[in-house]
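Structure below is input.pdb: PDB, C-alpha atoms and all ligand atoms.
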ATOM      1  CA  MET A   1       8.742  -8.450 -18.495
ATOM      2  CA  ASN A   2      12.061  -6.845 -19.248
ATOM      3  CA  SER A   3      12.817  -4.255 -16.604
ATOM      4  CA  SER A   4      15.189  -1.505 -17.658
ATOM      5  CA  SER A   5      16.338  -1.130 -14.082
ATOM      6  CA  SER A   6      18.591  -3.617 -12.391
ATOM      7  CA  THR A   7      17.748  -2.241  -8.981
ATOM      8  CA  VAL A   8      16.045  -4.706  -6.744
ATOM      9  CA  ARG A   9      12.758  -3.312  -5.587
ATOM     10  CA  PRO A  10      12.216  -3.449  -1.859
ATOM     11  CA  ALA A  11       9.039  -5.005  -0.570
ATOM     12  CA  ALA A  12       7.702  -1.647   0.544
ATOM     13  CA  PRO A  13       6.237   0.473  -2.245
ATOM     14  CA  VAL A  14       9.044   2.950  -2.465
ATOM     15  CA  GLY A  15       7.734   5.332  -5.065
ATOM     16  CA  GLU A  16      10.516   7.832  -5.315
ATOM     17  CA  ARG A  17      11.367   6.953  -8.869
ATOM     18  CA  PRO A  18      10.099   9.627 -11.228
ATOM     19  CA  GLY A  19       9.321   8.618 -14.766
ATOM     20  CA  VAL A  20       8.287   5.056 -14.014
ATOM     21  CA  GLY A  21       4.892   5.640 -15.546
ATOM     22  CA  LEU A  22       1.965   7.976 -15.559
ATOM     23  CA  ARG A  23      -0.447   5.875 -13.581
ATOM     24  CA  ASP A  24      -1.009   6.506  -9.937
ATOM     25  CA  ILE A  25       1.174   4.558  -7.592
ATOM     26  CA  PRO A  26      -0.805   1.620  -6.176
ATOM     27  CA  LEU A  27      -1.778   1.915  -2.565
ATOM     28  CA  PRO A  28      -0.628  -0.741  -0.136
ATOM     29  CA  PRO A  29      -3.444  -3.107   0.911
ATOM     30  CA  TYR A  30      -2.520  -2.478   4.498
ATOM     31  CA  VAL A  31      -0.690   0.636   5.627
ATOM     32  CA  THR A  32       2.289  -0.384   7.705
ATOM     33  CA  ALA A  33       4.274   1.994   9.893
ATOM     34  CA  GLU A  34       6.918   2.088   7.180
ATOM     35  CA  ASP A  35       4.361   2.968   4.531
ATOM     36  CA  ALA A  36       3.016   5.741   6.731
ATOM     37  CA  GLN A  37       6.469   7.125   7.412
ATOM     38  CA  PHE A  38       7.304   7.033   3.742
ATOM     39  CA  ALA A  39       4.044   8.812   3.014
ATOM     40  CA  VAL A  40       4.968  11.574   5.455
ATOM     41  CA  ARG A  41       8.222  11.996   3.609
ATOM     42  CA  ALA A  42       6.425  11.995   0.274
ATOM     43  CA  VAL A  43       3.986  14.758   1.166
ATOM     44  CA  VAL A  44       6.655  16.863   2.875
ATOM     45  CA  VAL A  45       9.299  16.501   0.181
ATOM     46  CA  HIS A  46       6.690  16.900  -2.562
ATOM     47  CA  ALA A  47       5.123  19.945  -1.007
ATOM     48  CA  PRO A  48       3.375  22.557  -3.141
ATOM     49  CA  ARG A  49       5.298  25.580  -4.248
ATOM     50  CA  SER A  50       3.883  28.699  -5.809
ATOM     51  CA  TRP A  51       5.298  29.294  -9.212
ATOM     52  CA  SER A  52       4.431  31.726 -11.940
ATOM     53  CA  GLY A  53       1.452  30.165 -13.630
ATOM     54  CA  GLY A  54       0.376  27.951 -10.787
ATOM     55  CA  THR A  55       1.335  25.622  -8.014
ATOM     56  CA  VAL A  56       3.982  23.018  -8.699
ATOM     57  CA  CYS A  57       5.724  20.270  -6.788
ATOM     58  CA  ARG A  58       8.749  21.600  -4.967
ATOM     59  CA  ASN A  59      10.663  18.433  -5.716
ATOM     60  CA  ASP A  60       9.973  17.537  -9.312
ATOM     61  CA  ALA A  61       8.171  20.638 -10.628
ATOM     62  CA  SER A  62       5.148  18.664 -11.848
ATOM     63  CA  PRO A  63       1.795  20.353 -11.446
ATOM     64  CA  HIS A  64       0.871  20.011  -7.807
ATOM     65  CA  PRO A  65      -0.217  17.577  -6.449
ATOM     66  CA  CYS A  66       2.214  15.270  -8.202
ATOM     67  CA  ARG A  67       1.845  11.476  -8.176
ATOM     68  CA  LEU A  68       3.939  10.924  -5.112
ATOM     69  CA  HIS A  69       2.169  13.646  -3.198
ATOM     70  CA  ARG A  70      -1.188  12.117  -4.102
ATOM     71  CA  TRP A  71       0.071   8.717  -3.041
ATOM     72  CA  GLY A  72       1.311  10.054   0.273
ATOM     73  CA  THR A  73      -1.935  11.872   0.947
ATOM     74  CA  ARG A  74      -3.991   8.769   0.234
ATOM     75  CA  VAL A  75      -1.804   6.522   2.363
ATOM     76  CA  LEU A  76      -2.022   8.970   5.256
ATOM     77  CA  ALA A  77      -5.783   9.153   4.823
ATOM     78  CA  LEU A  78      -5.908   5.339   4.951
ATOM     79  CA  ARG A  79      -3.795   5.544   8.049
ATOM     80  CA  GLY A  80      -6.552   7.647   9.622
ATOM     81  CA  LEU A  81      -5.198  11.160   9.271
ATOM     82  CA  ARG A  82      -7.613  13.921   8.427
ATOM     83  CA  ASP A  83      -6.934  16.549   5.790
ATOM     84  CA  ALA A  84      -6.034  19.009   8.525
ATOM     85  CA  ASP A  85      -3.492  16.584  10.000
ATOM     86  CA  ILE A  86      -1.875  16.105   6.615
ATOM     87  CA  ALA A  87      -1.838  19.843   5.978
ATOM     88  CA  ALA A  88      -0.166  20.350   9.351
ATOM     89  CA  LEU A  89       2.555  17.840   8.459
ATOM     90  CA  ILE A  90       3.235  19.630   5.191
ATOM     91  CA  GLU A  91       3.254  22.959   6.991
ATOM     92  CA  ARG A  92       5.764  21.632   9.483
ATOM     93  CA  GLY A  93       8.026  20.431   6.707
ATOM     94  CA  ASP A  94       9.645  17.656   8.715
ATOM     95  CA  PRO A  95       9.978  14.494   6.596
ATOM     96  CA  ALA A  96      10.687  12.433   9.724
ATOM     97  CA  ALA A  97       7.757  13.770  11.725
ATOM     98  CA  ALA A  98       6.111  11.283  14.047
ATOM     99  CA  LEU A  99       2.550  10.377  13.244
ATOM    100  CA  PRO A 100      -0.317  10.621  15.665
ATOM    101  CA  PRO A 101      -1.311   7.250  17.136
ATOM    102  CA  ARG A 102      -3.358   5.019  14.918
ATOM    103  CA  PRO A 103      -7.042   5.461  15.661
ATOM    104  CA  PRO A 104      -8.909   2.376  16.847
ATOM    105  CA  ALA A 105     -10.338   0.350  14.000
TER     106      ALA A 105
HETATM  107 ZN    ZN B 201       6.548  15.617  -6.556
END

What is this structure when it is put down as structure tokens?
Amino acid sequence: MNSSSSTVRPAAPVGERPGVGLRDIPLPPYVTAEDAQFAVRAVVVHAPRSWSGGTVCRNDASPHPCRLHRWGTRVLALRGLRDADIAALIERGDPAAALPPRPPA
């Protein structure tokens, strides 16, 4: 129960804190616009980068896909994006890119 961080966690699952743990970041039960936008940033900032010996995360040099990239991909998939849409976002490299409209449920 004793948190080593005194930072107050926001309500949104802001996952940009490396070293918190090795488990996957939990997905939000319902993907809000903020979650989706954060996920765009996660996949763009944590894009793959070719490195000698393999593909690593451009941001934290973990083997790609890193936790945050996986989280972002899964949130965007929940949001209704297809793999190709997500790949296009990464290709574009714009962390503030607008998402396509939410598909009807
Ligand atoms: Zn990463």

Within 10 Å of Val44 in chain A using only C-alpha atoms, minus same-chain residues under 4 positions, as a VMD selection string
chain A and resid 38 to 40 48 58 to 59 69 72 86 to 87 89 to 97

Return as a list in words the residues of protein, DNA or RNA that approach ligand ZN 201 (chain B) to within 10 Å, with all atoms listed in the file taken into account.
Glu16, Pro18, Ala42, Val43, Val44, Val45, His46, Ala47, Pro48, Val56, Cys57, Arg58, Asn59, Asp60, Ala61, Ser62, Pro63, His64, Pro65, Cys66, Arg67, Leu68, His69 and Arg70 of chain A

Determine the residue set returned by the PyMOL selection byres (((chain A and resi 30) around 12) and not hetatm) for the present structure, and present it as a PDB file with C-alpha atoms, in the frame of the given file.
ATOM      1  CA  ALA A  12       7.702  -1.647   0.544  1.00  0.00           C
ATOM      2  CA  PRO A  13       6.237   0.473  -2.245  1.00  0.00           C
ATOM      3  CA  PRO A  26      -0.805   1.620  -6.176  1.00  0.00           C
ATOM      4  CA  LEU A  27      -1.778   1.915  -2.565  1.00  0.00           C
ATOM      5  CA  PRO A  28      -0.628  -0.741  -0.136  1.00  0.00           C
ATOM      6  CA  PRO A  29      -3.444  -3.107   0.911  1.00  0.00           C
ATOM      7  CA  VAL A  31      -0.690   0.636   5.627  1.00  0.00           C
ATOM      8  CA  THR A  32       2.289  -0.384   7.705  1.00  0.00           C
ATOM      9  CA  ALA A  33       4.274   1.994   9.893  1.00  0.00           C
ATOM     10  CA  GLU A  34       6.918   2.088   7.180  1.00  0.00           C
ATOM     11  CA  ASP A  35       4.361   2.968   4.531  1.00  0.00           C
ATOM     12  CA  ALA A  36       3.016   5.741   6.731  1.00  0.00           C
ATOM     13  CA  VAL A  75      -1.804   6.522   2.363  1.00  0.00           C
ATOM     14  CA  LEU A  76      -2.022   8.970   5.256  1.00  0.00           C
ATOM     15  CA  LEU A  78      -5.908   5.339   4.951  1.00  0.00           C
ATOM     16  CA  ARG A  79      -3.795   5.544   8.049  1.00  0.00           C
TER      17      ARG A  79
END

As an exercise, work out the distance from CA of Trp71 in chain A to CA of Asp85 in chain A in Å and give it to one decimal place.
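Spanning CA of Trp71 in chain A to CA of Asp85 in chain A is a straight-line distance of 15.6 Å.
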
Box for range 89-95 of chain A: with edges along x, y and z, all listed atoms inside and 6 Å added on each side, what are the centre and edge lengths in Å to one decimal, as AutoDock Vina command-line options?
--center_x 6.3 --center_y 18.7 --center_z 7.3 --size_x 19.4 --size_y 20.5 --size_z 16.3

Length of the CA of Leu99 in chain A to CA of Thr55 in chain A vector [Å]
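Going from CA of Leu99 in chain A over to CA of Thr55 in chain A covers 26.2 Å.
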
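With CA of Leu81 in chain A on one side and CA of Arg41 in chain A on the other, the separation reads 14.6 Å.
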